[in-house]
Amino acid sequence: MLRLFIKLFIFVIVSRYVAAQHRICGNEIFWQDRMSKEKRQLTDDLLKKHSYHNFVGFRSQITIPVVVHVLWFDPSEDISDSVIKEQLEILNQAFSRSNYDITKVPEEYKSVTGSTNIRFCLTNTTPENYPTDGIVRKRTTESEIGLSENLYDSEAGGSNVWDSDRYLNIWVANTGKFISGFGTYPNQTPPEKTGVVIHPKYFGKNNHPEYGLGRTLVHEVGHYLGLYHLWGDDSDCTTDDGVEDTPPQLKAYRGCPDYPQAGCTESEMFMNYMDYVDDSCMYFFTNGQCSKMLMTIKYLRNGLLENSAVCSHPDKELPEIKIYPNPGYSRFLLKTRNLEKDGIVSIYNNLGEPVHIEEFKVGDLREIYLKNCLPGMYFVKIAGVGSAIFINN
Ligand SMILES: [Zn+2]
């Protein structure tokens, strides 16, 4: 009966989009099925009580242990270890505001782009304390197991959850023709069904023309950590995502819209990860969204912090960043060794606010000019490389 209801609901939702064949996040369907509005409100009220808009985060980096369950029917769905590792790197870049295209954020939103100190990595320890690479791989006999209750049951061809209080479980499994994936909200599901499900077609970097940059997982982990779609539940201006620095939004956006788009405001924030646009057109979370995700970890998913497992694939030794002259006067030269690919250099003041962002290429010796910056200490960060401090006299 439940599955019939879900399929009927999918049909209703899908019929709105079927002509376009766009990505549909299952949260649009499943939260109504599995979580009442009242329960969702209670969860939000709990976070709001701790005023998440003002929460600045944890002092040190948070590492979230991840297990990826790959359940494949067609051999093309048996994604490789390297695709999984690359997908986690994309996730980490999104959560640390170090994605290569962060410079595309429109000027009006640059001051609200957010960053967290959350890092996701494949775990090296099973719940029973055995060593692991954090990947469970299984062939299944069900072609669309991603939408089936069997997904969560090893006896029925799926893969049992790893203690979802202590691990982020990601199931990569076929969710049918229309659903790209879903992430369960805090308090939404029983522990054995808590985590994120992604269709392999949308997982990691792949050849999907619109959704091939691994941002479906970024979006779904956003839900898992308490975020809603920017437009709220309905296509009007009365529902919102409850985050202060994302403006009210009329509807979901698709494709890669021209900027700006007027709706509830003169300019809607459709380039946010929690919208539906193409992967190449979504680039950021806001400060408010980042705070809500950190609050969710602190109050609703704090078992993740108590897991002593470490990463099965530790970071490579990072190349060093050189800055000179230092101290200096508004300008310095920046270079790094062993940078493997082009990246982004971001500079923050001592309040953690971004003051300068620009692209940085392999082999660059770059002069950086900090226009209109007060004397003081600045943090210079190159995505995926490391950071250094510049003293501006
Ligand atoms: Zn969604």
# chains A, B, ... in the order shown; residues from 1 in each chain; ligands from 1
call {"tool": "closest_atom_pairs", "arguments": {"of": "region 58-97 of chain A", "to": "region 170-188 of chain A", "cutoff": "6 Å", "atoms": "only C-alpha atoms", "output": "JSON lines"}}
result
{"residue": "A:Val68", "atom": "CA", "partner": "A:Ile170", "partner_atom": "CA", "distance": 4.8}
{"residue": "A:His69", "atom": "CA", "partner": "A:Trp171", "partner_atom": "CA", "distance": 4.6}
{"residue": "A:Val70", "atom": "CA", "partner": "A:Val172", "partner_atom": "CA", "distance": 4.9}
{"residue": "A:Leu71", "atom": "CA", "partner": "A:Ala173", "partner_atom": "CA", "distance": 5.3}
call {"tool": "residues_around", "arguments": {"residues": "Leu305 (chain A)", "least_positions_apart": "2", "cutoff": "9 Å", "atoms": "only C-alpha atoms", "output": "tab-separated table (two decimals) with C-alpha atoms, in the first residue's frame"}}
result
chain	number	residue	atom	x	y	z
A	62	ILE	CA	34.54	17.90	12.06
A	63	THR	CA	35.16	14.65	10.25
A	64	ILE	CA	32.05	12.71	9.29
A	65	PRO	CA	32.67	9.00	8.66
A	166	ARG	CA	27.61	7.25	13.95
A	297	ILE	CA	25.04	17.97	13.76
A	298	LYS	CA	25.39	19.44	17.22
A	301	ARG	CA	23.17	14.07	14.65
A	302	ASN	CA	25.82	14.36	17.35
A	303	GLY	CA	26.60	10.62	17.27
A	307	ASN	CA	32.69	8.02	16.11
A	308	SER	CA	36.40	7.51	16.61
call {"tool": "residues_near_ligand", "arguments": {"ligand": "ligand 1", "cutoff": "8 Å", "atoms": "only C-alpha atoms and all ligand atoms", "output": "ChimeraX atom specification"}}
result
/A:24-28,182-183,219-220,223,228-229,274-276
call {"tool": "residues_around", "arguments": {"residues": "Gly352 (chain A)", "least_positions_apart": "4", "cutoff": "10 Å", "atoms": "only C-alpha atoms", "output": "VMD selection string"}}
result
chain A and resid 56 114 to 115 347 to 348 378 to 379
call {"tool": "write_last_selection", "arguments": {"atoms": "C-alpha atoms", "output": "mmCIF file, in the first residue's frame"}}
result
data_model
loop_
_atom_site.group_PDB
_atom_site.id
_atom_site.type_symbol
_atom_site.label_atom_id
_atom_site.label_comp_id
_atom_site.auth_asym_id
_atom_site.auth_seq_id
_atom_site.Cartn_x
_atom_site.Cartn_y
_atom_site.Cartn_z
ATOM 1 C CA VAL A 56 29.381 30.185 14.154
ATOM 2 C CA GLY A 114 28.999 30.187 3.685
ATOM 3 C CA SER A 115 31.685 27.710 4.625
ATOM 4 C CA ILE A 347 41.315 35.476 1.354
ATOM 5 C CA TYR A 348 39.443 36.062 4.609
ATOM 6 C CA TYR A 378 44.414 37.877 6.606
ATOM 7 C CA PHE A 379 44.013 34.164 5.927
#
call {"tool": "closest_atom_pairs", "arguments": {"of": "region 223-300 of chain A", "to": "region 37-51 of chain A", "cutoff": "9 Å", "atoms": "only C-alpha atoms", "output": "Markdown table"}}
result
| residue | atom | partner | partner_atom | distance |
| --- | --- | --- | --- | --- |
| A:Gly226 | CA | A:Asp44 | CA | 8.4 |
| A:Gly242 | CA | A:Asp44 | CA | 8.5 |
| A:Lys292 | CA | A:Leu47 | CA | 7.5 |
| A:Met295 | CA | A:Leu47 | CA | 6.6 |
| A:Thr296 | CA | A:Leu47 | CA | 7.0 |
| A:Tyr299 | CA | A:Leu47 | CA | 7.5 |
| A:Leu300 | CA | A:Leu47 | CA | 8.7 |
call {"tool": "closest_residue", "arguments": {"among": "A:Ile323, A:Val112, A:Ile382, A:Val355", "to": "Gly288 (chain A)", "atoms": "only C-alpha atoms"}}
result
A:Val112
call {"tool": "select_by_dssp", "arguments": {"residues": "region 25-188 of chain A", "states": "strand (DSSP E or B)", "output": "PyMOL selection string"}}
result
chain A and resi 25+62-72+113+118-123+125+131+135-139+168-172+179-183
call {"tool": "residues_around", "arguments": {"residues": "Thr116 (chain A)", "least_positions_apart": "4", "cutoff": "12 Å", "atoms": "only C-alpha atoms", "output": "ChimeraX atom specification"}}
result
/A:55-63,91-98,120,284-295,297,352
call {"tool": "closest_residue", "arguments": {"among": "A:Ser143, A:Ile102, A:Ala156, A:Thr113", "to": "Thr246 (chain A)", "atoms": "only C-alpha atoms"}}
result
A:Thr113
call {"tool": "select_by_dssp", "arguments": {"residues": "region 68-106 of chain A", "states": "helix (DSSP H, G or I)", "output": "MDAnalysis selection string"}}
result
chainID A and resid 75:77 81:95 102:104
call {"tool": "atom_distance", "arguments": {"atom1": "CA of Val218 (chain A)", "atom2": "CA of Val197 (chain A)"}}
result
11.9 Å
call {"tool": "closest_residue", "arguments": {"among": "A:Leu374, A:Gly134, A:Pro106, A:His22", "to": "Asn272 (chain A)", "atoms": "only C-alpha atoms"}}
result
A:Pro106
call {"tool": "closest_residue", "arguments": {"among": "A:Glu89, A:Asp153, A:Glu359, A:Glu108", "to": "Glu266 (chain A)", "atoms": "only C-alpha atoms"}}
result
A:Glu108
call {"tool": "residues_around", "arguments": {"residues": "Met271 (chain A)", "least_positions_apart": "5", "cutoff": "9 Å", "atoms": "only C-alpha atoms", "output": "VMD selection string"}}
result
chain A and resid 105 to 106 253 256 to 257 276 to 277 281 to 284
call {"tool": "residues_around", "arguments": {"residues": "Lys251 (chain A)", "least_positions_apart": "6", "cutoff": "7 Å", "atoms": "only C-alpha atoms", "output": "list in words"}}
result
Trp231, Ser235 and Asp236 of chain A
call {"tool": "write_last_selection", "arguments": {"atoms": "N, CA and C atoms", "output": "PDB file, in the first residue's frame"}}
result
ATOM      1  N   TRP A 231      12.579  27.231  -2.197  1.00  0.00           N
ATOM      2  CA  TRP A 231      11.226  27.738  -2.415  1.00  0.00           C
ATOM      3  C   TRP A 231      10.228  27.197  -1.376  1.00  0.00           C
ATOM      4  N   SER A 235       4.910  26.397  -4.713  1.00  0.00           N
ATOM      5  CA  SER A 235       5.329  27.457  -5.619  1.00  0.00           C
ATOM      6  C   SER A 235       4.535  28.727  -5.333  1.00  0.00           C
ATOM      7  N   ASP A 236       4.826  29.340  -4.210  1.00  0.00           N
ATOM      8  CA  ASP A 236       4.270  30.661  -3.897  1.00  0.00           C
ATOM      9  C   ASP A 236       5.221  31.336  -2.921  1.00  0.00           C
TER      10      ASP A 236
END
call {"tool": "closest_residue", "arguments": {"among": "A:Lys361, A:Arg215, A:Lys85, A:Lys371", "to": "Val67 (chain A)", "atoms": "only C-alpha atoms"}}
result
A:Lys85
call {"tool": "atom_distance", "arguments": {"atom1": "CA of Pro327 (chain A)", "atom2": "CA of Lys381 (chain A)"}}
result
16.7 Å
